[in-house]
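To start, the structure under review is shown below, and the notes come after it.
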Amino acid sequence: MKSMDLTDNLWDTFFNGDRLACARMISIVENNPRMVPNVLNRLKPYKNTSVRVGITGPPGVGKSTITSSLAKYASSEGLNVGVIAVDPSSPFTGGAFLGDRVRMQNLVGDDRVFIRSLASRSGGGLSPATPYVADVMDAFGMDLILIETVGVGQAELDVLLFTDVIILALQPSTGDIIQMLKAGIMETADMFVVNKSDLPGADQLVDYISFILESSSSYRNTVRPPVLKASATMNTGVDTVFAEMRRRISELDKSGIIKTRRLERIRRDIEMQIRDILWNRFLELPGMCDLVNNQVSFSNEDGASLFQFSEHIASRISVHLDKPVQE
């Protein structure tokens, strides 16, 4: 397919600000993982170090509406905004409805906003291609990238790994959900937004979240995240959320937290690449793929220790793989 080729013309039009070229580049990193290194290497000199804000929360709290409203405010202040909206994939077909884009119709025609919907293609809250799509948007000149997740539970912390700042959206009548979230994403959120604040129970939810934050040891030596009320559909309180978001970005940047998160992101990318390379090299060794498949069947029948087998395989890798290159 022509749109999937890294032609000189595609690069030229991309760097000249062609939005169709940007869309094609995103399709390449989303659908062709093996081409990602080539794309990222070419983009590196052009990266704009845009700020990546994750907007997450349980399903149904209005993440899409909040994301759309924040993008609109950012655009009105002259910022170029990239929006990555992740929709859940079907566990049966792997497809996704990509309905988040439908809920952002108020951004259509805004030349400062670039929206891309992604299928999660996993059980987590983000697509595996999310960080690479953000890299493309960054190099394309986006000042702010808003990343909306599928929806989180206690263990779904993908958004923490790929963003600089996290906004956790909740709504009234989600007390039970907060109990589930307390040991997970709540401890990593930089801002809390109680959306649909026109509904009964909004003030009580704000008080509940504030109490949790005051009781948490995680914030004893740091500034507690702000807890704000808004109703994105009624466009009330969103201006305050946007202003507070910009203040928090500045605060976290000056404190060095954003830099630390970005360095950790690079370290994690290096680790994942090394793991993939070593695993692929291991499978290329004669008979190793069959060895693993045979062990799967044997362990299922006999209950053999997978840990012992893994240790055995690790020793085989250390013997057969080349020695690390010395610096």
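Every chain in the structure tokens takes a letter, A first, then B, and so on in the order presented; its residues are numbered from 1, and the ligands are numbered from 1 following the presented order.
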* To do: Find the residues around Ala230 (chain A) up to 9 Å (only C-alpha atoms counted), leave out those fewer than 2 positions away in its own chain, and share them as a PyMOL selection string.
  => chain A and resi 66+193-198+228+232+234-241
For the residues selected in the previous step, produce a file with C-alpha atoms as a PDB file, in the first residue's frame.
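Output saved as again-v9.pdb:
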```
ATOM      1  CA  ILE A  66     -13.189  16.636  28.855  1.00  0.00           C
ATOM      2  CA  VAL A 193     -11.544  16.286  37.917  1.00  0.00           C
ATOM      3  CA  VAL A 194     -15.021  15.480  39.187  1.00  0.00           C
ATOM      4  CA  ASN A 195     -16.962  15.683  35.941  1.00  0.00           C
ATOM      5  CA  LYS A 196     -20.745  15.903  35.640  1.00  0.00           C
ATOM      6  CA  SER A 197     -20.638  18.097  38.723  1.00  0.00           C
ATOM      7  CA  ASP A 198     -24.239  19.169  38.073  1.00  0.00           C
ATOM      8  CA  LEU A 228     -11.663  20.280  40.709  1.00  0.00           C
ATOM      9  CA  ALA A 232     -17.781  19.324  30.313  1.00  0.00           C
ATOM     10  CA  MET A 234     -22.366  22.176  30.034  1.00  0.00           C
ATOM     11  CA  ASN A 235     -18.950  23.846  29.627  1.00  0.00           C
ATOM     12  CA  THR A 236     -18.768  24.847  33.271  1.00  0.00           C
ATOM     13  CA  GLY A 237     -15.545  24.652  35.209  1.00  0.00           C
ATOM     14  CA  VAL A 238     -13.521  23.503  32.194  1.00  0.00           C
ATOM     15  CA  ASP A 239     -11.731  26.857  31.987  1.00  0.00           C
ATOM     16  CA  THR A 240     -10.564  26.332  35.569  1.00  0.00           C
ATOM     17  CA  VAL A 241      -9.441  22.793  34.756  1.00  0.00           C
TER      18      VAL A 241
END
```
Distance query Asp269 (chain A) at most 12 Å, only C-alpha atoms, self and fewer than 4 positions along chain excluded, as a PDB file with N, CA and C atoms, in the first residue's frame:
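Saved file selection_20.pdb follows:
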```pdb
ATOM      1  N   PRO A  37      11.480   1.840  14.385  1.00  0.00           N
ATOM      2  CA  PRO A  37      12.828   2.398  14.601  1.00  0.00           C
ATOM      3  C   PRO A  37      13.266   3.360  13.505  1.00  0.00           C
ATOM      4  N   PRO A 131       2.811   5.516  22.366  1.00  0.00           N
ATOM      5  CA  PRO A 131       3.978   6.400  22.510  1.00  0.00           C
ATOM      6  C   PRO A 131       4.588   6.793  21.178  1.00  0.00           C
ATOM      7  N   TYR A 132       4.494   5.917  20.181  1.00  0.00           N
ATOM      8  CA  TYR A 132       5.084   6.224  18.873  1.00  0.00           C
ATOM      9  C   TYR A 132       4.204   7.210  18.103  1.00  0.00           C
ATOM     10  N   LEU A 161       2.979   5.276  32.128  1.00  0.00           N
ATOM     11  CA  LEU A 161       4.224   4.972  31.446  1.00  0.00           C
ATOM     12  C   LEU A 161       4.474   5.854  30.234  1.00  0.00           C
ATOM     13  N   PHE A 162       3.414   6.470  29.683  1.00  0.00           N
ATOM     14  CA  PHE A 162       3.546   7.153  28.402  1.00  0.00           C
ATOM     15  C   PHE A 162       3.287   8.650  28.461  1.00  0.00           C
ATOM     16  N   ARG A 262      10.363  11.501  31.790  1.00  0.00           N
ATOM     17  CA  ARG A 262      10.799  11.283  30.412  1.00  0.00           C
ATOM     18  C   ARG A 262      12.035  10.410  30.363  1.00  0.00           C
ATOM     19  N   LEU A 263      12.982  10.618  31.280  1.00  0.00           N
ATOM     20  CA  LEU A 263      14.173   9.773  31.328  1.00  0.00           C
ATOM     21  C   LEU A 263      13.811   8.333  31.660  1.00  0.00           C
ATOM     22  N   GLU A 264      12.855   8.159  32.557  1.00  0.00           N
ATOM     23  CA  GLU A 264      12.393   6.815  32.896  1.00  0.00           C
ATOM     24  C   GLU A 264      11.733   6.160  31.691  1.00  0.00           C
ATOM     25  N   ARG A 265      11.038   6.951  30.894  1.00  0.00           N
ATOM     26  CA  ARG A 265      10.396   6.434  29.689  1.00  0.00           C
ATOM     27  C   ARG A 265      11.455   5.921  28.703  1.00  0.00           C
ATOM     28  N   GLN A 273      13.376  -2.964  24.374  1.00  0.00           N
ATOM     29  CA  GLN A 273      14.035  -3.297  23.118  1.00  0.00           C
ATOM     30  C   GLN A 273      15.053  -4.413  23.317  1.00  0.00           C
ATOM     31  N   ILE A 274      15.819  -4.337  24.410  1.00  0.00           N
ATOM     32  CA  ILE A 274      16.808  -5.383  24.693  1.00  0.00           C
ATOM     33  C   ILE A 274      16.120  -6.727  24.898  1.00  0.00           C
ATOM     34  N   ARG A 275      15.029  -6.722  25.640  1.00  0.00           N
ATOM     35  CA  ARG A 275      14.291  -7.971  25.868  1.00  0.00           C
ATOM     36  C   ARG A 275      13.805  -8.572  24.560  1.00  0.00           C
ATOM     37  N   ASP A 276      13.238  -7.720  23.710  1.00  0.00           N
ATOM     38  CA  ASP A 276      12.725  -8.213  22.427  1.00  0.00           C
ATOM     39  C   ASP A 276      13.846  -8.784  21.561  1.00  0.00           C
TER      40      ASP A 276
END
```
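Comparing the minimum interatomic distances between Asp164 (chain A) and each of A:Met137, A:Leu278, A:Ala189, A:Leu118, counting only C-alpha atoms, we find that A:Ala189 sits nearest.
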* Asked: Excluding same-chain residues fewer than 3 positions from Asp135 (chain A), what lies within 8 Å of it counting only C-alpha atoms, as a ChimeraX atom specification?
  -> /A:40,43,47,131-132,138-139
* Excluding Asn31 (chain A) and residues on its chain fewer than 3 positions from it, collect all residues at most 12 Å away from it, counting only C-alpha atoms, and give them as a PyMOL selection string. => chain A and resi 1+3-5+24-28+34-36+118-119+121+127-130+132-133
Keeping N, CA and C atoms for every residue in the selection just given, could you write it to a file as a short mmCIF file (atom, residue, chain, number, x, y, z; two decimals), in the first residue's frame?
```
data_model
loop_
_atom_site.label_atom_id
_atom_site.label_comp_id
_atom_site.auth_asym_id
_atom_site.auth_seq_id
_atom_site.Cartn_x
_atom_site.Cartn_y
_atom_site.Cartn_z
N MET A 1 0.84 -1.19 0.00
CA MET A 1 0.00 0.00 0.00
C MET A 1 0.87 1.24 0.00
N SER A 3 0.45 4.30 0.95
CA SER A 3 0.45 5.14 2.14
C SER A 3 1.31 4.57 3.24
N MET A 4 1.71 3.29 3.11
CA MET A 4 2.52 2.66 4.13
C MET A 4 4.01 2.68 3.77
N ASP A 5 4.39 3.33 2.68
CA ASP A 5 5.78 3.39 2.26
C ASP A 5 6.43 4.66 2.78
N ARG A 24 -0.68 9.48 7.58
CA ARG A 24 -0.04 8.30 7.00
C ARG A 24 1.13 7.82 7.85
N MET A 25 1.89 8.76 8.39
CA MET A 25 3.02 8.40 9.24
C MET A 25 2.53 7.70 10.50
N ILE A 26 1.43 8.17 11.05
CA ILE A 26 0.85 7.52 12.23
C ILE A 26 0.40 6.11 11.89
N SER A 27 -0.20 5.93 10.71
CA SER A 27 -0.63 4.59 10.29
C SER A 27 0.55 3.64 10.20
N ILE A 28 1.68 4.15 9.77
CA ILE A 28 2.87 3.31 9.64
C ILE A 28 3.33 2.81 11.01
N ARG A 34 7.81 -3.05 12.84
CA ARG A 34 9.21 -3.16 12.43
C ARG A 34 9.74 -1.87 11.79
N MET A 35 8.83 -1.02 11.36
CA MET A 35 9.24 0.24 10.74
C MET A 35 9.40 1.36 11.76
N VAL A 36 8.98 1.12 12.99
CA VAL A 36 9.03 2.15 14.03
C VAL A 36 10.44 2.69 14.25
N LEU A 118 -7.26 5.39 18.08
CA LEU A 118 -6.51 4.14 18.04
C LEU A 118 -7.31 3.04 18.73
N ALA A 119 -7.22 1.84 18.21
CA ALA A 119 -7.78 0.68 18.90
C ALA A 119 -6.77 0.21 19.94
N ARG A 121 -6.13 -2.72 21.14
CA ARG A 121 -5.45 -3.96 20.72
C ARG A 121 -4.82 -4.70 21.89
N SER A 127 -3.18 1.77 23.43
CA SER A 127 -2.66 0.97 22.34
C SER A 127 -1.15 0.84 22.48
N PRO A 128 -0.55 -0.28 22.09
CA PRO A 128 0.91 -0.41 22.13
C PRO A 128 1.61 0.66 21.30
N ALA A 129 0.91 1.19 20.29
CA ALA A 129 1.51 2.20 19.42
C ALA A 129 1.40 3.61 19.98
N THR A 130 0.72 3.78 21.11
CA THR A 130 0.47 5.13 21.64
C THR A 130 1.72 6.00 21.76
N TYR A 132 4.49 5.92 20.18
CA TYR A 132 5.08 6.22 18.87
C TYR A 132 4.20 7.21 18.10
N VAL A 133 2.89 7.08 18.26
CA VAL A 133 1.99 8.06 17.66
C VAL A 133 2.24 9.43 18.28
#
```
* To do: Write down as number ranges by chain the residues belonging to region 157-285 of chain A that are assigned helix (DSSP H, G or I) by DSSP computed on the backbone.
  => A: 158-162, 175-181, 185-187, 202-215, 217-219, 232-234, 238-254, 257-284
Residues as selected, C-alpha atoms, written as an mmCIF file, in the first residue's frame, can you do that?
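Result saved to selection_11.cif:
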```cif
data_model
loop_
_atom_site.group_PDB
_atom_site.id
_atom_site.type_symbol
_atom_site.label_atom_id
_atom_site.label_comp_id
_atom_site.auth_asym_id
_atom_site.auth_seq_id
_atom_site.Cartn_x
_atom_site.Cartn_y
_atom_site.Cartn_z
ATOM 1 C CA ASP A 158 -0.331 2.197 31.043
ATOM 2 C CA VAL A 159 -1.053 5.910 30.963
ATOM 3 C CA LEU A 160 1.550 6.487 33.678
ATOM 4 C CA LEU A 161 4.224 4.972 31.446
ATOM 5 C CA PHE A 162 3.546 7.153 28.402
ATOM 6 C CA GLY A 175 -17.526 5.695 45.506
ATOM 7 C CA ASP A 176 -17.135 1.960 44.929
ATOM 8 C CA ILE A 177 -14.881 2.631 41.954
ATOM 9 C CA ILE A 178 -12.663 4.862 44.076
ATOM 10 C CA GLN A 179 -12.209 1.991 46.507
ATOM 11 C CA MET A 180 -10.909 -0.046 43.575
ATOM 12 C CA LEU A 181 -8.661 2.758 42.358
ATOM 13 C CA ILE A 185 -3.940 5.224 39.599
ATOM 14 C CA MET A 186 -5.042 7.564 42.415
ATOM 15 C CA GLU A 187 -1.538 7.534 43.814
ATOM 16 C CA ALA A 202 -20.382 16.053 43.444
ATOM 17 C CA ASP A 203 -19.372 17.985 46.573
ATOM 18 C CA GLN A 204 -19.308 14.797 48.633
ATOM 19 C CA LEU A 205 -17.048 13.141 46.067
ATOM 20 C CA VAL A 206 -14.652 16.091 46.154
ATOM 21 C CA ASP A 207 -14.515 15.846 49.945
ATOM 22 C CA TYR A 208 -13.955 12.080 49.741
ATOM 23 C CA ILE A 209 -11.067 12.391 47.281
ATOM 24 C CA SER A 210 -9.519 15.194 49.351
ATOM 25 C CA PHE A 211 -9.730 13.030 52.467
ATOM 26 C CA ILE A 212 -8.013 10.137 50.679
ATOM 27 C CA LEU A 213 -5.209 12.433 49.519
ATOM 28 C CA GLU A 214 -4.768 13.929 52.980
ATOM 29 C CA SER A 215 -4.595 10.441 54.479
ATOM 30 C CA SER A 217 1.544 8.883 52.848
ATOM 31 C CA SER A 218 2.402 9.438 49.170
ATOM 32 C CA TYR A 219 1.740 13.184 49.471
ATOM 33 C CA ALA A 232 -17.781 19.324 30.313
ATOM 34 C CA THR A 233 -21.102 18.909 28.504
ATOM 35 C CA MET A 234 -22.366 22.176 30.034
ATOM 36 C CA VAL A 238 -13.521 23.503 32.194
ATOM 37 C CA ASP A 239 -11.731 26.857 31.987
ATOM 38 C CA THR A 240 -10.564 26.332 35.569
ATOM 39 C CA VAL A 241 -9.441 22.793 34.756
ATOM 40 C CA PHE A 242 -7.471 24.056 31.749
ATOM 41 C CA ALA A 243 -5.817 26.841 33.764
ATOM 42 C CA GLU A 244 -4.948 24.412 36.559
ATOM 43 C CA MET A 245 -3.586 21.908 34.036
ATOM 44 C CA ARG A 246 -1.200 24.520 32.667
ATOM 45 C CA ARG A 247 -0.168 25.522 36.189
ATOM 46 C CA ARG A 248 0.514 21.897 37.138
ATOM 47 C CA ILE A 249 2.532 21.343 33.972
ATOM 48 C CA SER A 250 4.684 24.359 34.864
ATOM 49 C CA GLU A 251 5.006 23.216 38.477
ATOM 50 C CA LEU A 252 6.019 19.663 37.569
ATOM 51 C CA ASP A 253 8.422 20.945 34.923
ATOM 52 C CA LYS A 254 10.200 23.317 37.306
ATOM 53 C CA ILE A 257 9.431 15.635 37.761
ATOM 54 C CA ILE A 258 8.550 15.778 34.071
ATOM 55 C CA LYS A 259 12.212 15.385 33.119
ATOM 56 C CA THR A 260 12.533 12.407 35.459
ATOM 57 C CA ARG A 261 9.456 10.785 33.919
ATOM 58 C CA ARG A 262 10.799 11.283 30.412
ATOM 59 C CA LEU A 263 14.173 9.773 31.328
ATOM 60 C CA GLU A 264 12.393 6.815 32.896
ATOM 61 C CA ARG A 265 10.396 6.434 29.689
ATOM 62 C CA ILE A 266 13.632 6.238 27.688
ATOM 63 C CA ARG A 267 15.130 3.728 30.122
ATOM 64 C CA ARG A 268 12.033 1.553 29.881
ATOM 65 C CA ASP A 269 12.101 1.707 26.076
ATOM 66 C CA ILE A 270 15.731 0.569 26.069
ATOM 67 C CA GLU A 271 14.907 -2.299 28.419
ATOM 68 C CA MET A 272 11.965 -3.442 26.304
ATOM 69 C CA GLN A 273 14.035 -3.297 23.118
ATOM 70 C CA ILE A 274 16.808 -5.383 24.693
ATOM 71 C CA ARG A 275 14.291 -7.971 25.868
ATOM 72 C CA ASP A 276 12.725 -8.213 22.427
ATOM 73 C CA ILE A 277 16.103 -8.519 20.697
ATOM 74 C CA LEU A 278 17.354 -11.213 23.085
ATOM 75 C CA TRP A 279 14.126 -13.192 22.864
ATOM 76 C CA ASN A 280 14.057 -13.063 19.078
ATOM 77 C CA ARG A 281 17.701 -14.097 18.871
ATOM 78 C CA PHE A 282 16.999 -16.976 21.225
ATOM 79 C CA LEU A 283 14.141 -18.237 19.050
ATOM 80 C CA GLU A 284 16.420 -18.093 16.018
#
```
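Of the listed residues A:Ile313, A:Val83, A:Leu168, A:Val136, the one whose atoms come nearest to Phe14 (chain A) is A:Val136, with distances taken using only C-alpha atoms.
Here CA of Val150 (chain A) is placed at a distance of 17.3 Å from CA of Thr188 (chain A).
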